[in-house]
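Below is the file model.cif, which contains mmCIF, C-alpha atoms.
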```cif
data_query
loop_
_atom_site.label_atom_id
_atom_site.label_comp_id
_atom_site.auth_asym_id
_atom_site.auth_seq_id
_atom_site.Cartn_x
_atom_site.Cartn_y
_atom_site.Cartn_z
CA MET M 19 40.72 21.54 37.21
CA ALA M 20 40.32 23.15 33.79
CA VAL M 21 41.12 19.81 32.15
CA LEU M 22 38.48 18.04 34.27
CA ALA M 23 35.88 20.69 33.48
CA GLU M 24 36.65 20.36 29.77
CA ALA M 25 36.35 16.56 29.99
CA SER M 26 32.98 16.79 31.74
CA GLU M 27 31.68 19.20 29.10
CA LYS M 28 32.67 16.92 26.21
CA PRO M 29 29.89 14.29 26.65
CA LYS M 30 27.38 17.09 27.12
CA ASN M 31 28.47 18.78 23.89
CA ILE M 32 28.26 15.49 22.00
CA SER M 33 24.77 14.88 23.39
CA ILE M 34 23.59 18.36 22.34
CA SER M 35 25.14 17.95 18.90
CA LEU M 36 23.50 14.55 18.43
CA TYR M 37 20.12 15.96 19.46
CA ARG M 38 20.48 18.81 16.95
CA ALA M 39 21.64 16.44 14.20
CA VAL M 40 18.66 14.14 14.76
CA TRP M 41 16.30 17.13 14.94
CA ARG M 42 17.70 18.52 11.68
CA TRP M 43 17.13 15.22 9.82
CA HIS M 44 13.71 14.82 11.42
CA PHE M 45 12.82 18.29 10.18
CA PHE M 46 14.07 17.63 6.62
CA ALA M 47 12.19 14.33 6.38
CA GLY M 48 9.01 15.88 7.74
CA LEU M 49 9.29 18.85 5.40
CA LEU M 50 9.16 16.49 2.43
CA VAL M 51 6.63 13.89 3.52
CA ILE M 52 3.89 15.70 5.48
CA PRO M 53 1.56 16.36 2.51
CA PHE M 54 2.02 12.78 1.30
CA MET M 55 1.54 11.32 4.79
CA ILE M 56 -1.77 13.16 5.17
CA ASN M 57 -2.89 11.79 1.79
CA LEU M 58 -1.85 8.26 2.77
CA ALA M 59 -3.67 8.50 6.09
CA VAL M 60 -6.94 9.90 4.69
CA THR M 61 -7.17 7.58 1.68
CA GLY M 62 -5.91 4.61 3.70
CA GLY M 63 -8.53 5.26 6.37
CA LEU M 64 -11.24 5.25 3.71
CA TYR M 65 -9.95 2.09 2.04
CA LEU M 66 -10.02 0.21 5.35
CA PHE M 67 -13.81 0.30 5.07
CA LYS M 68 -14.15 -0.43 1.36
CA ASP M 69 -16.60 -3.29 1.92
CA GLU M 70 -18.73 -1.22 4.29
CA ILE M 71 -18.77 1.64 1.77
CA ASP M 72 -19.80 -0.75 -1.02
CA ASN M 73 -22.61 -2.19 1.09
CA THR M 74 -24.03 1.17 2.21
CA VAL M 75 -23.18 4.08 -0.09
CA PHE M 76 -23.21 1.81 -3.15
CA ALA M 77 -25.78 -0.70 -1.90
CA TYR M 78 -28.00 0.05 -4.92
CA ARG M 79 -25.57 -1.87 -7.13
CA ASN M 80 -24.03 -4.33 -4.69
CA ILE M 81 -26.97 -5.57 -2.60
CA VAL M 82 -29.92 -7.57 -3.99
CA GLU M 83 -32.96 -9.36 -2.62
CA PRO M 84 -32.50 -13.17 -2.81
CA MET M 85 -35.17 -14.67 -5.08
CA GLY M 86 -34.50 -18.40 -5.42
CA GLU M 87 -32.30 -19.83 -8.17
CA THR M 88 -29.70 -17.68 -9.89
CA LEU M 89 -29.15 -17.48 -13.63
CA ALA M 90 -26.13 -19.18 -15.19
CA PRO M 91 -22.86 -17.16 -15.18
CA SER M 92 -22.78 -17.14 -18.99
CA VAL M 93 -26.29 -15.67 -19.15
CA LEU M 94 -25.46 -12.97 -16.60
CA ALA M 95 -22.23 -12.18 -18.43
CA GLU M 96 -24.18 -11.76 -21.67
CA HIS M 97 -26.58 -9.35 -19.95
CA ALA M 98 -23.57 -7.30 -18.84
CA LYS M 99 -22.07 -7.40 -22.32
CA ALA M 100 -25.34 -6.21 -23.86
CA ALA M 101 -25.35 -3.21 -21.50
CA ILE M 102 -22.14 -1.93 -23.10
CA PRO M 103 -22.52 -2.23 -26.89
CA GLY M 104 -19.43 -3.48 -28.70
CA SER M 105 -17.80 -4.82 -25.52
CA LYS M 106 -16.36 -8.23 -24.70
CA ILE M 107 -16.36 -10.11 -21.40
CA VAL M 108 -13.10 -9.79 -19.44
CA ARG M 109 -13.89 -11.05 -15.92
CA TYR M 110 -16.81 -12.50 -13.99
CA ARG M 111 -17.00 -12.20 -10.20
CA VAL M 112 -19.12 -14.67 -8.25
CA PRO M 113 -21.32 -13.07 -5.53
CA ALA M 114 -19.97 -13.20 -1.99
CA ASP M 115 -23.36 -14.46 -0.75
CA PRO M 116 -27.00 -14.66 -1.94
CA SER M 117 -27.58 -10.98 -1.12
CA HIS M 118 -24.83 -9.63 -3.38
CA SER M 119 -24.84 -8.83 -7.08
CA VAL M 120 -22.65 -10.29 -9.77
CA ARG M 121 -19.90 -8.01 -11.05
CA VAL M 122 -18.81 -8.43 -14.64
CA THR M 123 -15.88 -6.58 -16.19
CA VAL M 124 -16.32 -5.92 -19.90
CA GLY M 125 -13.82 -4.30 -22.21
CA THR M 126 -14.25 -1.83 -25.05
CA ALA M 127 -11.68 -0.40 -27.43
CA THR M 128 -10.94 2.42 -24.99
CA GLU M 129 -11.59 1.17 -21.44
CA ASN M 130 -12.86 -1.55 -19.15
CA MET M 131 -16.27 -1.17 -17.52
CA LEU M 132 -17.77 -2.74 -14.40
CA VAL M 133 -21.32 -3.95 -14.84
CA PHE M 134 -23.32 -4.91 -11.74
CA VAL M 135 -26.03 -7.50 -12.46
CA ASN M 136 -28.82 -8.97 -10.35
CA PRO M 137 -28.02 -12.71 -10.37
CA TYR M 138 -31.70 -13.72 -10.09
CA ASN M 139 -33.22 -11.86 -13.03
CA GLY M 140 -30.27 -10.46 -15.00
CA THR M 141 -31.21 -6.81 -14.40
CA VAL M 142 -28.27 -4.45 -14.87
CA LEU M 143 -28.04 -2.42 -11.67
CA ASP M 144 -25.24 -0.02 -12.63
CA THR M 145 -22.25 0.50 -14.90
CA VAL M 146 -19.06 2.38 -14.11
CA ALA M 147 -15.63 2.65 -15.71
CA VAL M 148 -13.12 0.52 -13.79
CA GLU M 149 -10.86 3.51 -13.24
CA ASN M 150 -13.77 5.56 -11.88
CA GLU M 151 -15.04 3.02 -9.34
CA PHE M 152 -14.88 4.70 -5.92
CA ASN M 153 -12.61 2.28 -4.08
CA ARG M 154 -10.33 2.02 -7.13
CA VAL M 155 -9.97 5.82 -7.18
CA VAL M 156 -9.20 5.88 -3.44
CA ARG M 157 -6.58 3.16 -3.89
CA THR M 158 -4.87 4.83 -6.85
CA ILE M 159 -4.79 8.20 -5.07
CA HIS M 160 -3.37 6.42 -2.02
CA SER M 161 -0.48 5.06 -4.10
CA LEU M 162 -0.30 8.25 -6.22
CA LYS M 163 -0.63 6.06 -9.35
CA TYR M 164 -3.54 8.37 -10.12
CA PHE M 165 -0.96 11.09 -10.87
CA GLY M 166 1.43 9.00 -12.95
CA PHE M 167 4.67 7.02 -12.74
CA VAL M 168 6.84 9.71 -11.09
CA PHE M 169 4.44 10.30 -8.21
CA ASN M 170 4.06 6.56 -7.69
CA ARG M 171 7.83 6.35 -7.19
CA ILE M 172 7.72 9.38 -4.86
CA ILE M 173 5.31 7.54 -2.56
CA GLU M 174 7.86 4.73 -2.26
CA ALA M 175 10.50 7.23 -1.12
CA VAL M 176 7.96 8.68 1.33
CA GLY M 177 7.48 5.24 2.89
CA GLY M 178 11.21 5.02 3.62
CA LEU M 179 11.34 8.58 4.96
CA ALA M 180 8.41 7.78 7.25
CA LEU M 181 10.55 5.09 8.88
CA ILE M 182 13.27 7.69 9.49
CA LEU M 183 10.69 10.09 10.92
CA VAL M 184 9.49 7.51 13.44
CA VAL M 185 12.99 6.51 14.59
CA THR M 186 14.27 10.08 14.88
CA GLY M 187 10.98 11.13 16.48
CA PHE M 188 11.36 8.52 19.21
CA TYR M 189 14.84 9.85 19.96
CA LEU M 190 13.60 13.44 20.21
CA TRP M 191 10.67 12.38 22.42
CA TRP M 192 12.79 10.27 24.79
CA PRO M 193 12.49 11.73 28.37
CA ARG M 194 15.35 14.04 29.34
CA LYS M 195 14.25 15.06 32.83
CA GLN M 196 11.42 17.23 31.48
CA SER M 197 8.16 17.25 33.46
CA GLY M 198 5.84 17.21 30.44
CA GLY M 199 5.71 16.22 26.80
CA VAL M 200 6.30 12.54 27.56
CA VAL M 201 2.78 11.32 28.36
CA SER M 202 1.12 14.66 29.13
CA VAL M 203 0.60 17.88 27.18
CA ARG M 204 1.62 21.20 28.69
CA GLY M 205 0.23 24.65 28.04
CA THR M 206 -2.69 25.77 25.90
CA PRO M 207 -3.24 25.88 22.11
CA SER M 208 -1.91 29.44 22.06
CA LYS M 209 1.51 28.20 23.20
CA ARG M 210 4.04 26.41 21.01
CA VAL M 211 4.82 23.93 23.81
CA PHE M 212 1.23 22.64 23.60
CA TRP M 213 1.66 21.73 19.94
CA ARG M 214 5.15 20.34 20.54
CA ASP M 215 3.88 18.08 23.34
CA LEU M 216 0.78 17.00 21.42
CA HIS M 217 2.98 16.13 18.45
CA ALA M 218 5.51 14.23 20.57
CA VAL M 219 3.00 12.33 22.72
CA THR M 220 0.84 11.33 19.73
CA GLY M 221 3.88 10.30 17.71
CA ALA M 222 5.36 8.28 20.55
CA SER M 223 2.04 6.57 21.33
CA ALA M 224 1.38 5.56 17.74
CA GLY M 225 4.98 5.42 16.51
CA ALA M 226 5.29 1.64 16.41
CA LEU M 227 2.03 1.33 14.44
CA ILE M 228 3.04 4.13 12.06
CA PHE M 229 6.34 2.33 11.51
CA PHE M 230 4.40 -0.88 10.82
CA LEU M 231 2.09 0.85 8.33
CA ALA M 232 5.09 2.29 6.49
CA ILE M 233 7.08 -0.94 6.31
CA SER M 234 4.06 -3.13 5.46
CA GLY M 235 3.02 -0.73 2.71
CA LEU M 236 6.38 -0.83 0.97
CA PRO M 237 5.86 -4.29 -0.62
CA TRP M 238 3.29 -2.66 -2.94
CA SER M 239 5.83 -0.04 -4.03
CA GLY M 240 6.98 -0.13 -7.63
CA TYR M 241 10.74 -0.61 -7.30
CA TRP M 242 11.48 -1.96 -3.81
CA GLY M 243 8.44 -4.22 -3.78
CA GLU M 244 9.31 -5.71 -7.18
CA GLN M 245 12.88 -6.42 -6.08
CA VAL M 246 11.83 -8.06 -2.80
CA ASN M 247 9.18 -10.13 -4.59
CA ALA M 248 11.71 -11.41 -7.13
CA THR M 249 14.30 -12.11 -4.41
CA LEU M 250 11.86 -14.15 -2.32
CA ALA M 251 10.70 -16.12 -5.37
CA SER M 252 14.26 -16.91 -6.49
CA ALA M 253 15.16 -17.96 -2.93
CA GLY M 254 12.22 -20.36 -2.85
CA ILE M 255 10.38 -18.56 -0.04
CA GLY M 256 7.89 -16.58 -2.14
CA TYR M 257 5.51 -18.33 -4.49
CA PRO M 258 6.45 -22.00 -5.19
CA THR M 259 8.21 -21.66 -8.56
CA GLN M 260 8.48 -25.46 -8.85
CA LEU M 261 4.76 -25.63 -9.67
CA TRP M 262 5.61 -24.12 -13.05
CA ASP M 263 8.38 -26.63 -13.90
CA ASP M 264 6.22 -28.89 -16.07
CA VAL M 265 3.74 -26.30 -17.34
CA PRO M 266 4.10 -24.17 -20.50
CA VAL M 267 4.15 -20.53 -19.47
CA SER M 268 3.72 -17.16 -21.11
CA ALA M 269 5.67 -13.98 -20.47
CA GLU M 270 2.59 -12.38 -18.90
CA PRO M 271 2.53 -11.92 -15.11
CA THR M 272 -0.55 -12.78 -13.07
CA LYS M 273 -1.18 -9.10 -12.26
CA ASN M 274 -2.01 -8.52 -15.94
CA VAL M 275 -4.93 -10.94 -15.90
CA VAL M 276 -6.18 -10.80 -12.29
CA ASP M 277 -7.75 -7.73 -10.73
CA HIS M 278 -5.90 -6.96 -7.45
CA PRO M 279 -3.82 -10.17 -7.22
CA GLY M 280 -2.08 -11.17 -4.02
CA TRP M 281 1.37 -9.64 -3.61
CA THR M 282 3.15 -12.99 -3.54
CA VAL M 283 1.77 -14.22 -6.87
CA GLU M 284 1.37 -10.94 -8.77
CA ASN M 285 4.55 -11.55 -10.80
CA ALA M 286 4.11 -15.30 -11.18
CA PRO M 287 3.89 -16.19 -14.90
CA VAL M 288 0.53 -17.14 -16.37
CA PRO M 289 0.61 -20.61 -17.95
CA THR M 290 -0.62 -21.21 -21.49
CA SER M 291 -3.34 -23.43 -22.89
CA THR M 292 -2.46 -26.10 -25.44
CA PRO M 293 -4.71 -26.09 -28.51
CA GLY M 294 -5.88 -29.58 -29.46
CA THR M 295 -7.40 -31.00 -32.61
CA GLN M 296 -10.30 -28.59 -32.23
CA ASP M 297 -10.17 -25.05 -30.88
CA LYS M 298 -13.39 -25.21 -28.90
CA SER M 299 -13.10 -23.68 -25.44
CA VAL M 300 -14.82 -24.85 -22.31
CA THR M 301 -17.47 -22.42 -21.09
CA LEU M 302 -17.51 -19.86 -18.31
CA ASP M 303 -20.24 -21.93 -16.63
CA GLN M 304 -17.96 -24.98 -16.57
CA ILE M 305 -15.03 -23.02 -15.09
CA VAL M 306 -17.21 -21.47 -12.37
CA ALA M 307 -18.52 -24.95 -11.55
CA LYS M 308 -15.00 -26.39 -11.44
CA ALA M 309 -13.79 -23.60 -9.11
CA ASN M 310 -16.77 -24.19 -6.82
CA GLU M 311 -16.08 -27.93 -6.80
CA ALA M 312 -12.44 -27.22 -5.94
CA GLY M 313 -13.65 -25.40 -2.82
CA MET M 314 -12.75 -21.87 -3.85
CA THR M 315 -14.18 -19.26 -1.48
CA PRO M 316 -17.28 -17.34 -2.71
CA SER M 317 -16.56 -13.96 -4.31
CA PHE M 318 -13.81 -15.40 -6.48
CA GLU M 319 -13.34 -13.85 -9.89
CA VAL M 320 -12.79 -15.64 -13.19
CA SER M 321 -10.65 -13.93 -15.84
CA LEU M 322 -11.38 -15.09 -19.38
CA PRO M 323 -8.67 -16.26 -21.81
CA LYS M 324 -6.77 -13.83 -24.02
CA GLY M 325 -5.82 -15.27 -27.38
CA LYS M 326 -5.61 -18.91 -28.48
CA LYS M 327 -3.11 -19.83 -25.76
CA GLY M 328 -4.82 -17.89 -22.99
CA VAL M 329 -6.19 -19.53 -19.86
CA TYR M 330 -9.14 -19.12 -17.55
CA THR M 331 -7.93 -17.85 -14.18
CA ALA M 332 -10.06 -18.18 -11.05
CA ALA M 333 -8.66 -16.13 -8.17
CA ILE M 334 -9.69 -15.03 -4.70
CA PHE M 335 -7.81 -12.80 -2.24
CA PRO M 336 -10.26 -12.42 0.67
CA ASP M 337 -9.89 -10.70 4.03
CA ASP M 338 -8.77 -13.99 5.57
CA ILE M 339 -5.41 -14.52 3.87
CA ALA M 340 -5.55 -18.26 4.59
CA PHE M 341 -8.14 -18.55 1.79
CA GLN M 342 -6.06 -16.88 -0.92
CA ARG M 343 -6.04 -19.05 -4.01
CA THR M 344 -5.33 -18.89 -7.74
CA ILE M 345 -6.22 -21.61 -10.25
CA HIS M 346 -5.29 -21.40 -13.93
CA TYR M 347 -7.38 -23.64 -16.22
CA ASP M 348 -6.61 -24.80 -19.76
CA ARG M 349 -9.20 -23.11 -21.93
CA TYR M 350 -9.73 -26.20 -24.13
CA THR M 351 -9.83 -29.03 -21.61
CA GLY M 352 -10.72 -27.23 -18.38
CA LYS M 353 -7.79 -28.99 -16.73
CA PRO M 354 -6.19 -27.11 -13.77
CA LEU M 355 -2.67 -26.15 -14.88
CA ILE M 356 -1.65 -24.33 -11.70
CA ASP M 357 -3.49 -24.43 -8.36
CA ILE M 358 -1.73 -22.29 -5.76
CA LYS M 359 -3.03 -21.76 -2.23
CA PHE M 360 -1.79 -19.61 0.63
CA SER M 361 -0.47 -22.76 2.31
CA ASP M 362 1.82 -23.26 -0.71
CA TYR M 363 3.59 -19.92 -0.19
CA GLY M 364 7.05 -19.85 1.34
CA ILE M 365 7.74 -18.22 4.69
CA GLY M 366 8.68 -14.94 3.01
CA GLY M 367 5.45 -14.77 1.02
CA LYS M 368 3.33 -15.66 4.05
CA THR M 369 5.04 -13.02 6.20
CA MET M 370 4.54 -10.32 3.57
CA GLU M 371 0.90 -11.29 3.01
CA PHE M 372 0.26 -11.19 6.75
CA GLY M 373 1.74 -7.71 7.01
CA ILE M 374 -0.26 -6.47 4.01
CA GLY M 375 -3.45 -8.04 5.39
CA VAL M 376 -3.08 -6.27 8.75
CA HIS M 377 -2.09 -3.05 6.95
CA MET M 378 -5.37 -3.18 5.01
CA GLY M 379 -7.46 -4.00 8.09
CA GLN M 380 -8.36 -7.46 6.84
CA TYR M 381 -6.97 -9.90 9.36
CA TRP M 382 -8.86 -9.48 12.64
CA GLY M 383 -12.09 -7.95 11.43
CA LEU M 384 -13.42 -4.72 12.93
CA ALA M 385 -10.73 -4.59 15.66
CA ASN M 386 -8.02 -4.55 12.96
CA GLN M 387 -9.87 -1.81 11.05
CA ILE M 388 -10.28 0.37 14.14
CA VAL M 389 -6.62 0.08 15.19
CA MET M 390 -5.45 0.98 11.69
CA LEU M 391 -7.97 3.85 11.51
CA LEU M 392 -6.69 5.25 14.82
CA THR M 393 -3.16 5.03 13.42
CA CYS M 394 -4.26 6.96 10.33
CA LEU M 395 -5.82 9.62 12.57
CA ALA M 396 -2.57 9.78 14.57
CA ILE M 397 -0.65 10.40 11.33
CA VAL M 398 -2.97 13.29 10.46
CA LEU M 399 -2.67 14.71 13.99
CA THR M 400 1.13 14.50 14.09
CA SER M 401 1.31 16.10 10.65
CA VAL M 402 -1.00 18.98 11.57
CA THR M 403 0.71 19.58 14.92
CA ALA M 404 4.10 19.57 13.17
CA ILE M 405 2.94 22.31 10.80
CA VAL M 406 1.50 24.44 13.62
CA MET M 407 4.55 23.90 15.82
CA TRP M 408 6.88 24.84 12.98
CA TRP M 409 4.81 27.94 12.13
CA LYS M 410 4.97 29.17 15.71
CA ARG M 411 8.73 28.51 15.98
CA ARG M 412 10.05 29.75 12.65
CA PRO M 413 11.63 33.22 12.44
CA SER M 414 9.78 35.65 10.20
CA GLY M 415 10.60 35.10 6.52
CA ARG M 416 12.63 31.95 7.19
CA LEU M 417 12.12 28.20 7.14
CA GLY M 418 13.51 27.82 10.61
CA VAL M 419 15.71 24.81 9.87
CA PRO M 420 17.14 23.42 13.16
CA PRO M 421 20.71 24.65 13.68
CA MET M 422 23.67 22.60 12.48
CA PRO M 423 25.38 20.81 15.42
CA SER M 424 28.50 22.49 16.79
CA LYS M 425 30.34 19.19 16.40
CA THR M 426 30.23 18.54 12.66
CA SER M 427 31.56 15.01 13.15
CA VAL M 428 28.35 14.03 14.94
CA PHE M 429 26.22 15.24 12.03
CA VAL M 430 28.47 13.48 9.51
CA THR M 431 28.29 10.21 11.45
CA LEU M 432 24.49 10.35 11.68
CA THR M 433 24.26 11.22 7.98
CA ILE M 434 26.37 8.19 7.06
CA VAL M 435 24.03 5.98 9.12
CA ILE M 436 20.99 7.46 7.36
CA LEU M 437 22.61 7.05 3.94
CA GLY M 438 23.28 3.43 4.86
CA PHE M 439 19.54 3.08 5.40
CA GLY M 440 19.16 4.30 1.82
CA ILE M 441 20.95 1.18 0.58
CA ALA M 442 18.03 -0.93 1.79
CA PHE M 443 15.53 1.48 0.24
CA PRO M 444 17.24 2.93 -2.86
CA LEU M 445 14.62 5.51 -3.84
CA THR M 446 14.58 6.84 -0.28
CA GLY M 447 18.38 6.88 -0.40
CA LEU M 448 18.33 9.05 -3.54
CA VAL M 449 16.01 11.54 -1.84
CA ILE M 450 18.23 11.61 1.26
CA LEU M 451 21.28 12.22 -0.90
CA ALA M 452 19.52 15.04 -2.75
CA MET M 453 18.46 16.59 0.58
CA LEU M 454 22.06 16.41 1.82
CA VAL M 455 23.47 18.02 -1.32
CA ILE M 456 20.93 20.87 -1.22
CA ASP M 457 21.53 21.41 2.49
CA GLN M 458 25.29 21.63 2.03
CA LEU M 459 25.04 23.90 -1.00
CA VAL M 460 22.70 26.29 0.75
CA THR M 461 24.66 26.43 4.02
CA ARG M 462 28.12 26.72 2.45
CA ILE M 463 27.52 29.01 -0.55
CA PRO M 464 26.58 32.62 0.30
CA SER M 465 23.18 33.44 -1.23
CA PRO M 466 19.74 34.77 -0.21
CA LEU M 467 18.71 31.13 0.30
CA LYS M 468 21.15 30.80 3.18
CA ARG M 469 19.12 33.27 5.24
CA VAL M 470 15.81 31.67 4.23
CA PHE M 471 16.99 28.20 5.30
CA SER M 472 18.36 29.41 8.62
#
```
Would you mind writing the structure in this file as structure tokens?
Amino acid sequence: MAVLAEASEKPKNISISLYRAVWRWHFFAGLLVIPFMINLAVTGGLYLFKDEIDNTVFAYRNIVEPMGETLAPSVLAEHAKAAIPGSKIVRYRVPADPSHSVRVTVGTATENMLVFVNPYNGTVLDTVAVENEFNRVVRTIHSLKYFGFVFNRIIEAVGGLALILVVTGFYLWWPRKQSGGVVSVRGTPSKRVFWRDLHAVTGASAGALIFFLAISGLPWSGYWGEQVNATLASAGIGYPTQLWDDVPVSAEPTKNVVDHPGWTVENAPVPTSTPGTQDKSVTLDQIVAKANEAGMTPSFEVSLPKGKKGVYTAAIFPDDIAFQRTIHYDRYTGKPLIDIKFSDYGIGGKTMEFGIGVHMGQYWGLANQIVMLLTCLAIVLTSVTAIVMWWKRRPSGRLGVPPMPSKTSVFVTLTIVILGFGIAFPLTGLVILAMLVIDQLVTRIPSPLKRVFS
């Protein structure tokens, strides 16, 4: 009988140990990412409505009254250039429709400036440094590029940890004969169970979308995104590398000449112009006309050539990803050197662009924006409830780390699985490894920290 009782207890002990192991990793991941997740959710929620913000808060520089014929692009560009003494024209953006202004990027010795110009009379409506434009600031804070290289890499690790949080969170939420905390919330705000249930129910309801936001945001990350982009291109399922076979190219990637290029083509090399018997360039007016004739969607932007071998680049990456397009023109002849459309992308590029488009609320209009906004709000709510729940649970003067499982083998097995996940996302793997080392040092070496972490 004793043997049977021991055998029946064994699965139960393994189950309890697995729950504690998952809880412990869920806690560690949450401890690291909560501040970053709140930042991602708030800035991401704002960026979803960048166009609406531009057309309301910043309508004074983006919206104009249609007044008949517009001035030539070259004339408007010169008006912008004159507004910033000593500058040179870098990019010219065609208005999205007759009620929008022209946006010209001009460069000085120290920075690039955005100049908003009325296309009908050439009046300069506003000027702002590129790095200080509202939506640009929101975007760079979102990616933590605003705070430098190290923080930008941290956000990549956070994306991977968010995936772990969702998976472990689903396991902890999974019904285990409890009467509440699955789809309903028990208790009142004064009770810890209320915050636990609100955290679990919100996380479970929005978990799949949070997972999607995390995985679809990773392509923009510095290390992982670059590696995946290069892998897809070399495998022939990213941008069509064969288009560059018969074209002289520079060492400069598209992202260095195009403002906010599409993910698939951001690392594609920029071709070079071939100087002829005379070094006279075609004009901005001619390139804008050629791009219009080619059927490029309104609101495309033309980047001007850099140096004698530079090219004109007309590019558009609109909300509807099917209309993404990049055309590089020889600066001397106006001949299209590369013309790449969304339909030219490989299956890998198309899949990534679709995920990014939905992530940014661009694919299905307002419905897409609202769903992503609700997901951002869910991230904030789960983060806040996690903090409150932890504060109510933790012993005084301690972090309240979930207890180590009684069966160490269960924790080791789960840790190996999680470290395996780190192979797919190396920066996340490094953070996981660091967390594991710190955890083991603190729990095994007697010190005041051991009590704090308990």
Using all atoms listed in the file: which of M:Phe439, M:Trp43, M:Tyr37, M:Phe212 has the shortest distance to Met453 (chain M):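 Of M:Phe439, M:Trp43, M:Tyr37, M:Phe212, the one nearest Met453 (chain M) is M:Trp43, counting all atoms listed in the file.
Interatomic distance, CA of Gly328 (chain M) to CA of Pro289 (chain M): 7.9 Å.
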For region 415-428 of chain M, list every protein, DNA or RNA residue within 7 Å, evaluated using all atoms listed in the file, and leave out those in the same chain fewer than 2 positions away; present the list as a list in words.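 Non-adjacent residues within range: Ser35, Leu36, Arg38, Ala39, Trp41, Arg42, Arg412, Pro413, Val430, Thr431, Leu432, Arg469, Val470, Phe471 and Ser472 of chain M.
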Mind dumping the selected residues with C-alpha atoms as an mmCIF file, in the coordinates of the input?
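Saved result, again-v8.cif, follows:
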```cif
data_model
loop_
_atom_site.group_PDB
_atom_site.id
_atom_site.type_symbol
_atom_site.label_atom_id
_atom_site.label_comp_id
_atom_site.auth_asym_id
_atom_site.auth_seq_id
_atom_site.Cartn_x
_atom_site.Cartn_y
_atom_site.Cartn_z
ATOM 1 C CA SER M 35 25.140 17.950 18.900
ATOM 2 C CA LEU M 36 23.500 14.550 18.430
ATOM 3 C CA ARG M 38 20.480 18.810 16.950
ATOM 4 C CA ALA M 39 21.640 16.440 14.200
ATOM 5 C CA TRP M 41 16.300 17.130 14.940
ATOM 6 C CA ARG M 42 17.700 18.520 11.680
ATOM 7 C CA ARG M 412 10.050 29.750 12.650
ATOM 8 C CA PRO M 413 11.630 33.220 12.440
ATOM 9 C CA VAL M 430 28.470 13.480 9.510
ATOM 10 C CA THR M 431 28.290 10.210 11.450
ATOM 11 C CA LEU M 432 24.490 10.350 11.680
ATOM 12 C CA ARG M 469 19.120 33.270 5.240
ATOM 13 C CA VAL M 470 15.810 31.670 4.230
ATOM 14 C CA PHE M 471 16.990 28.200 5.300
ATOM 15 C CA SER M 472 18.360 29.410 8.620
#
```
With the PyMOL selection byres ((chain M and resi 348) around 10) as the selection, what would be picked from this file? Answer as a list of chain:residue names, please. M:Pro289, M:Thr290, M:Ser291, M:Thr292, M:Pro293, M:Ser299, M:Val300, M:Ile305, M:Pro323, M:Lys327, M:Gly328, M:Val329, M:Tyr330, M:Thr331, M:His346, M:Tyr347, M:Arg349, M:Tyr350, M:Thr351, M:Gly352, M:Lys353, M:Pro354, M:Leu355, M:Ile356
Put those residues in a file: C-alpha atoms, as a PDB file, in the coordinates of the input.
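Contents of result27.pdb, as written:
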```pdb
ATOM      1  CA  PRO M 289       0.610 -20.610 -17.950  1.00  0.00           C
ATOM      2  CA  THR M 290      -0.620 -21.210 -21.490  1.00  0.00           C
ATOM      3  CA  SER M 291      -3.340 -23.430 -22.890  1.00  0.00           C
ATOM      4  CA  THR M 292      -2.460 -26.100 -25.440  1.00  0.00           C
ATOM      5  CA  PRO M 293      -4.710 -26.090 -28.510  1.00  0.00           C
ATOM      6  CA  SER M 299     -13.100 -23.680 -25.440  1.00  0.00           C
ATOM      7  CA  VAL M 300     -14.820 -24.850 -22.310  1.00  0.00           C
ATOM      8  CA  ILE M 305     -15.030 -23.020 -15.090  1.00  0.00           C
ATOM      9  CA  PRO M 323      -8.670 -16.260 -21.810  1.00  0.00           C
ATOM     10  CA  LYS M 327      -3.110 -19.830 -25.760  1.00  0.00           C
ATOM     11  CA  GLY M 328      -4.820 -17.890 -22.990  1.00  0.00           C
ATOM     12  CA  VAL M 329      -6.190 -19.530 -19.860  1.00  0.00           C
ATOM     13  CA  TYR M 330      -9.140 -19.120 -17.550  1.00  0.00           C
ATOM     14  CA  THR M 331      -7.930 -17.850 -14.180  1.00  0.00           C
ATOM     15  CA  HIS M 346      -5.290 -21.400 -13.930  1.00  0.00           C
ATOM     16  CA  TYR M 347      -7.380 -23.640 -16.220  1.00  0.00           C
ATOM     17  CA  ARG M 349      -9.200 -23.110 -21.930  1.00  0.00           C
ATOM     18  CA  TYR M 350      -9.730 -26.200 -24.130  1.00  0.00           C
ATOM     19  CA  THR M 351      -9.830 -29.030 -21.610  1.00  0.00           C
ATOM     20  CA  GLY M 352     -10.720 -27.230 -18.380  1.00  0.00           C
ATOM     21  CA  LYS M 353      -7.790 -28.990 -16.730  1.00  0.00           C
ATOM     22  CA  PRO M 354      -6.190 -27.110 -13.770  1.00  0.00           C
ATOM     23  CA  LEU M 355      -2.670 -26.150 -14.880  1.00  0.00           C
ATOM     24  CA  ILE M 356      -1.650 -24.330 -11.700  1.00  0.00           C
TER      25      ILE M 356
END
```
Name the residues captured by the PyMOL selection byres ((chain M and resi 148) around 10) when it is applied to the shown file; answer as JSON, numbers by chain. {"M": [123, 124, 125, 129, 130, 131, 132, 133, 145, 146, 147, 149, 150, 151, 152, 153, 154, 155]}
